[in-house]
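For reference, the structure discussed in these notes is given below.
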Amino acid sequence: MELASDFLWGGSIAAHQCEGSWQVGNKGPGIMDLVTKGSRDCERQITSEIQPELNYPSHEGIDFYNQYETDIQLFKEMGFTALRLSIDWARIFPNGDEEVPNRKGLAFYEKVIDTLLANGIEPIVTLYHFEMPKYLVDHYGAWGNRRVIDLYLHYCETVMRFFNGKVHYWVTFNEMNHLDPKSEQSDIFTYMIAGVKYSDMALPVQELAQIGYNMTLASVKAVALGHELNPKNRIGCVFGFNPIYAYDCRPENILKAFLENDRDYYQSDAMCFGNFPKYKIKEYETWNIQLKREIADEAAFANGKLDFIGLNYYLSSVSKSEFERKETESLFGGVQNPYLEQSKWGWGIDPMGIRYVMNYLYRRYQLPILITENGLGAVDCLEADGSIHDEYRMSYLAKHIEQVKKAVTEDYVECLGYLSWAPIDLISASTGEMSKRYGFIYVDLDDWGKGSFKRLKKDSFYWYQRVIASNGEILDPLVKKVTLPY
Ligand code: BG6
């Protein structure tokens, strides 16, 4: 069995990580414009105002705002049939609460989307990839406030109407599932996803739980809205599902790992099953958290079921043991898996994990899955002749795509396509670094924003071109290295 002939191939990017031009075209500041550069060992900070002496990588991005035509041409050259990109809310509504949209913001995305369509690339639009207008943080308290749900829906309706008939695939949110109060409370990622507060303030569990609920409600309402506007719209939500394995087969450890994993699934349960899970409400009650809900929410959950699930997959981790106390800590609070290699940033490389999660999701929800992100962040070496030999990236991707194929052809998982993160080097979300590179296209820019912004093709560029042309049949990096045209 082979992948379907209409299997989507391409990549994913996000506005705040690539566009730059953060004040051009009447764009308002967004929360991500206040996030400083960090590194693996130094957490990014969210400042309440811009501090001129600090480095804010989103301000320049990789200059996609001005270079999108060049970039899309390169995507086309690789054979892309799809590109997932996000719209930055603050380009459309600079403060987030205006009635009338900013024409210049709409015009920018219209040019990008028209260029994609003219090149035979299906745009898959994420409506919220951590891009919360700052004004809504300062004046409304962001997702903690239900009024923000209505403002988000107004924004969704505006862009869904504007691009009606041009965009068929919509994503309501990126990775809201790392918000559980018990798991990653103090992590910078939590603040970015939630689009709230500034990093020196700890989010109380009550607030985090309410934010998770409100965002889930916003998503189901956006799905219903999109279906009403055009029944042909296919609307999904993207989740980051990195499996947590048990430390060993002691039943206590199996149960512990299951429960830790399960914290990531309550929002997808709500969006696929049509009700906010009772198990979550009860769990919150035992922590004295009373979610603010309204009667009409029940109907909203019932009417806003997803059409597909977007899966971001990078790594797996291992849960700590209930018994041992001497394990080597890994980055995400678990222990290092002795059977896996780790990336330079400590992410456990586990190709089989993607097949595991695809199966788990498909059997739990029986909805098609779109791989919306998968890739390796690595330090690339630019040779004197302008070449970049990134065998490690090809090898990582080949092993993961092989497992995606097995999930489809051997386990019968419905999969709409595979989108790599990211087809072009861009700013890392967790660290703000440029040197954590994912692309097939190298961008000449360093961690301090210095460089020519020139685009260069890495070896993996030609490799991915061959993968796409063969519909995933030719994956071996070594074969292609011998025959590559340079
Ligand atoms: C995903 C996010 O969680 O991981 C992306 O949706 C992010 O925005 C990607 O860039 C890779 O993470 P990082 O931190 O290496 O950029």
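Following the order of the structure tokens, first chain is A, next is B, and so on, with residues numbered from 1 inside each chain and ligands from 1 in the order they appear.
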If the limit is 7 Å from any atom of ligand 1, counting only C-alpha atoms and all ligand atoms, which residues qualify? Return them as a list in words. Ala14, Asn174, Glu175, Gly240, Asn312, Gly377, Trp421, Ile427, Ser428, Ala429, Ser430, Thr431 and Lys436 of chain A
Would you kindly return, as a short mmCIF file (atom, residue, chain, number, x, y, z; two decimals) with N, CA, C and O atoms, in the first residue's frame, each protein, DNA or RNA residue with an atom no farther than 7 Å from any atom of Lys405 in chain A, considering only C-alpha atoms and excluding same-chain residues fewer than 4 positions away?
data_model
loop_
_atom_site.label_atom_id
_atom_site.label_comp_id
_atom_site.auth_asym_id
_atom_site.auth_seq_id
_atom_site.Cartn_x
_atom_site.Cartn_y
_atom_site.Cartn_z
N LEU A 3 0.90 5.81 0.02
CA LEU A 3 0.14 6.98 0.47
C LEU A 3 -0.79 7.42 -0.66
O LEU A 3 -0.46 7.24 -1.84
N ILE A 401 9.03 9.93 8.71
CA ILE A 401 8.08 9.74 7.60
C ILE A 401 7.84 8.24 7.37
O ILE A 401 6.72 7.81 7.09
N THR A 409 -0.31 2.71 6.22
CA THR A 409 -0.48 1.52 5.38
C THR A 409 -0.62 0.23 6.19
O THR A 409 -1.24 -0.72 5.74
#
Give me the residues within 8 Å of Gly386 in chain A as number ranges by chain, counting only C-alpha atoms and dropping any in the same chain fewer than 3 places off. A: 382-383, 456
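Going from CA of Asp350 in chain A over to CA of Asn374 in chain A, you cover 11.3 Å.
For Tyr360 in chain A, the non-local neighbours within 10 Å, defined as residues at least 5 positions apart in the same chain or in other chains and counting only C-alpha atoms, are Pro243, Ile354, Arg355, Tyr365, Gln366 and Val413 of chain A.
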Determine which residues of range 164-341 of chain A DSSP labels as helix (DSSP H, G or I) from the backbone of this structure, then write them out as a PyMOL selection string. chain A and resi 176-178+188-194+205-229+251-262+266-273+278-286+297-303
Could you give me, as a PyMOL selection string, the residues within 9 Å of Ile31 in chain A, counting only C-alpha atoms and dropping anything in the same chain fewer than 2 positions from it? chain A and resi 29+33-35+46+130-135+137+192+195-196
Set the distance at 6 Å and use only C-alpha atoms: which residues neighbour Leu370 in chain A once local chain neighbours fewer than 4 positions away are removed? I'd like the list as JSON, numbers by chain. {"A": [310, 415, 416, 417]}
Write out as a ChimeraX atom specification all residues of range 99-137 of chain A that DSSP puts in strand (DSSP E or B) for this structure's backbone. /A:122-126,133
Would you mind exporting N, CA, C and O atoms of the selected residues as a PDB file, in the first residue's frame?
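The file below, result_20.pdb, is the result:
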ATOM      1  N   GLU A 122      -1.775  24.636  -1.226  1.00  0.00           N
ATOM      2  CA  GLU A 122      -2.984  24.795  -0.403  1.00  0.00           C
ATOM      3  C   GLU A 122      -2.623  25.525   0.894  1.00  0.00           C
ATOM      4  O   GLU A 122      -1.805  25.022   1.682  1.00  0.00           O
ATOM      5  N   PRO A 123      -3.222  26.693   1.159  1.00  0.00           N
ATOM      6  CA  PRO A 123      -2.928  27.347   2.454  1.00  0.00           C
ATOM      7  C   PRO A 123      -3.726  26.698   3.578  1.00  0.00           C
ATOM      8  O   PRO A 123      -4.928  26.469   3.447  1.00  0.00           O
ATOM      9  N   ILE A 124      -3.054  26.389   4.661  1.00  0.00           N
ATOM     10  CA  ILE A 124      -3.729  25.859   5.857  1.00  0.00           C
ATOM     11  C   ILE A 124      -3.496  26.911   6.929  1.00  0.00           C
ATOM     12  O   ILE A 124      -2.342  27.154   7.319  1.00  0.00           O
ATOM     13  N   VAL A 125      -4.561  27.574   7.341  1.00  0.00           N
ATOM     14  CA  VAL A 125      -4.374  28.790   8.141  1.00  0.00           C
ATOM     15  C   VAL A 125      -4.648  28.551   9.629  1.00  0.00           C
ATOM     16  O   VAL A 125      -5.750  28.145  10.020  1.00  0.00           O
ATOM     17  N   THR A 126      -3.627  28.807  10.439  1.00  0.00           N
ATOM     18  CA  THR A 126      -3.785  28.763  11.893  1.00  0.00           C
ATOM     19  C   THR A 126      -4.261  30.138  12.355  1.00  0.00           C
ATOM     20  O   THR A 126      -3.637  31.155  12.045  1.00  0.00           O
ATOM     21  N   PRO A 133      -2.983  39.894  20.757  1.00  0.00           N
ATOM     22  CA  PRO A 133      -2.668  41.330  20.820  1.00  0.00           C
ATOM     23  C   PRO A 133      -2.381  41.785  22.262  1.00  0.00           C
ATOM     24  O   PRO A 133      -3.115  41.419  23.187  1.00  0.00           O
TER      25      PRO A 133
END
Contacts of Leu116 in chain A at 9 Å (only C-alpha atoms; same-chain gap of 3+ positions) as a ChimeraX atom specification: /A:69,72-73,76,82-83,111-113,119-123
Since we have the selection now, will you write its residues out, keeping N, CA, C and O atoms, as a PDB file, in the first residue's frame?
ATOM      1  N   GLU A  69       7.536  36.114  -1.297  1.00  0.00           N
ATOM      2  CA  GLU A  69       7.461  35.611  -2.678  1.00  0.00           C
ATOM      3  C   GLU A  69       8.636  34.675  -2.980  1.00  0.00           C
ATOM      4  O   GLU A  69       8.454  33.600  -3.556  1.00  0.00           O
ATOM      5  N   ILE A  72       8.073  31.403  -1.062  1.00  0.00           N
ATOM      6  CA  ILE A  72       7.034  30.539  -1.642  1.00  0.00           C
ATOM      7  C   ILE A  72       7.553  29.892  -2.942  1.00  0.00           C
ATOM      8  O   ILE A  72       7.258  28.732  -3.230  1.00  0.00           O
ATOM      9  N   GLN A  73       8.358  30.638  -3.689  1.00  0.00           N
ATOM     10  CA  GLN A  73       8.954  30.041  -4.892  1.00  0.00           C
ATOM     11  C   GLN A  73       9.814  28.840  -4.521  1.00  0.00           C
ATOM     12  O   GLN A  73       9.818  27.820  -5.201  1.00  0.00           O
ATOM     13  N   LYS A  76       7.659  25.978  -3.635  1.00  0.00           N
ATOM     14  CA  LYS A  76       7.122  25.377  -4.861  1.00  0.00           C
ATOM     15  C   LYS A  76       8.183  24.485  -5.525  1.00  0.00           C
ATOM     16  O   LYS A  76       7.891  23.385  -5.990  1.00  0.00           O
ATOM     17  N   ALA A  82       1.093  21.979   0.166  1.00  0.00           N
ATOM     18  CA  ALA A  82       0.423  22.669   1.280  1.00  0.00           C
ATOM     19  C   ALA A  82       1.428  23.460   2.108  1.00  0.00           C
ATOM     20  O   ALA A  82       2.583  23.056   2.237  1.00  0.00           O
ATOM     21  N   LEU A  83       0.976  24.584   2.625  1.00  0.00           N
ATOM     22  CA  LEU A  83       1.772  25.337   3.604  1.00  0.00           C
ATOM     23  C   LEU A  83       0.833  25.761   4.723  1.00  0.00           C
ATOM     24  O   LEU A  83      -0.210  26.365   4.478  1.00  0.00           O
ATOM     25  N   LYS A 111      -2.087  38.826  -0.237  1.00  0.00           N
ATOM     26  CA  LYS A 111      -0.978  38.644  -1.190  1.00  0.00           C
ATOM     27  C   LYS A 111      -0.305  37.287  -0.955  1.00  0.00           C
ATOM     28  O   LYS A 111       0.008  36.570  -1.902  1.00  0.00           O
ATOM     29  N   VAL A 112      -0.094  36.950   0.296  1.00  0.00           N
ATOM     30  CA  VAL A 112       0.579  35.674   0.603  1.00  0.00           C
ATOM     31  C   VAL A 112      -0.281  34.504   0.125  1.00  0.00           C
ATOM     32  O   VAL A 112       0.203  33.592  -0.557  1.00  0.00           O
ATOM     33  N   ILE A 113      -1.555  34.544   0.452  1.00  0.00           N
ATOM     34  CA  ILE A 113      -2.435  33.420   0.116  1.00  0.00           C
ATOM     35  C   ILE A 113      -2.631  33.326  -1.401  1.00  0.00           C
ATOM     36  O   ILE A 113      -2.611  32.228  -1.976  1.00  0.00           O
ATOM     37  N   ASN A 119       0.692  29.196  -6.989  1.00  0.00           N
ATOM     38  CA  ASN A 119       1.758  28.203  -7.121  1.00  0.00           C
ATOM     39  C   ASN A 119       1.291  26.787  -6.766  1.00  0.00           C
ATOM     40  O   ASN A 119       2.114  25.896  -6.535  1.00  0.00           O
ATOM     41  N   GLY A 120      -0.014  26.616  -6.712  1.00  0.00           N
ATOM     42  CA  GLY A 120      -0.569  25.281  -6.470  1.00  0.00           C
ATOM     43  C   GLY A 120      -0.361  24.782  -5.056  1.00  0.00           C
ATOM     44  O   GLY A 120      -0.324  23.573  -4.809  1.00  0.00           O
ATOM     45  N   ILE A 121      -0.217  25.710  -4.106  1.00  0.00           N
ATOM     46  CA  ILE A 121       0.005  25.311  -2.701  1.00  0.00           C
ATOM     47  C   ILE A 121      -1.235  25.647  -1.874  1.00  0.00           C
ATOM     48  O   ILE A 121      -1.676  26.797  -1.836  1.00  0.00           O
ATOM     49  N   GLU A 122      -1.775  24.636  -1.226  1.00  0.00           N
ATOM     50  CA  GLU A 122      -2.984  24.795  -0.403  1.00  0.00           C
ATOM     51  C   GLU A 122      -2.623  25.525   0.894  1.00  0.00           C
ATOM     52  O   GLU A 122      -1.805  25.022   1.682  1.00  0.00           O
ATOM     53  N   PRO A 123      -3.222  26.693   1.159  1.00  0.00           N
ATOM     54  CA  PRO A 123      -2.928  27.347   2.454  1.00  0.00           C
ATOM     55  C   PRO A 123      -3.726  26.698   3.578  1.00  0.00           C
ATOM     56  O   PRO A 123      -4.928  26.469   3.447  1.00  0.00           O
TER      57      PRO A 123
END
Looking at A:Glu294, A:Glu322, A:Asp150, A:Glu402, which one is nearest to Ala257 in chain A, with distances taken over only C-alpha atoms? A:Glu322
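The nearest approach to Glu285 in chain A among the residues A:Val205, A:Ser452, A:Arg363, A:Glu157, with only C-alpha atoms taken into account, belongs to A:Val205.
Across the model, the gap from CA of Pro101 in chain A to CA of Thr216 in chain A is 24.5 Å.
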The residue from A:Lys278, A:Lys292, A:His129, A:Lys454 with the smallest atom-to-atom distance to Leu85 in chain A, counting only C-alpha atoms, is A:His129
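The two atoms in question, CA of Ser460 in chain A and CA of Gln403 in chain A, are spaced 18.8 Å apart.
Of the listed residues A:Pro477, A:Gly334, A:Gly144, A:Gly105, the one whose atoms come nearest to Asp88 in chain A is A:Gly105, with distances taken using only C-alpha atoms.
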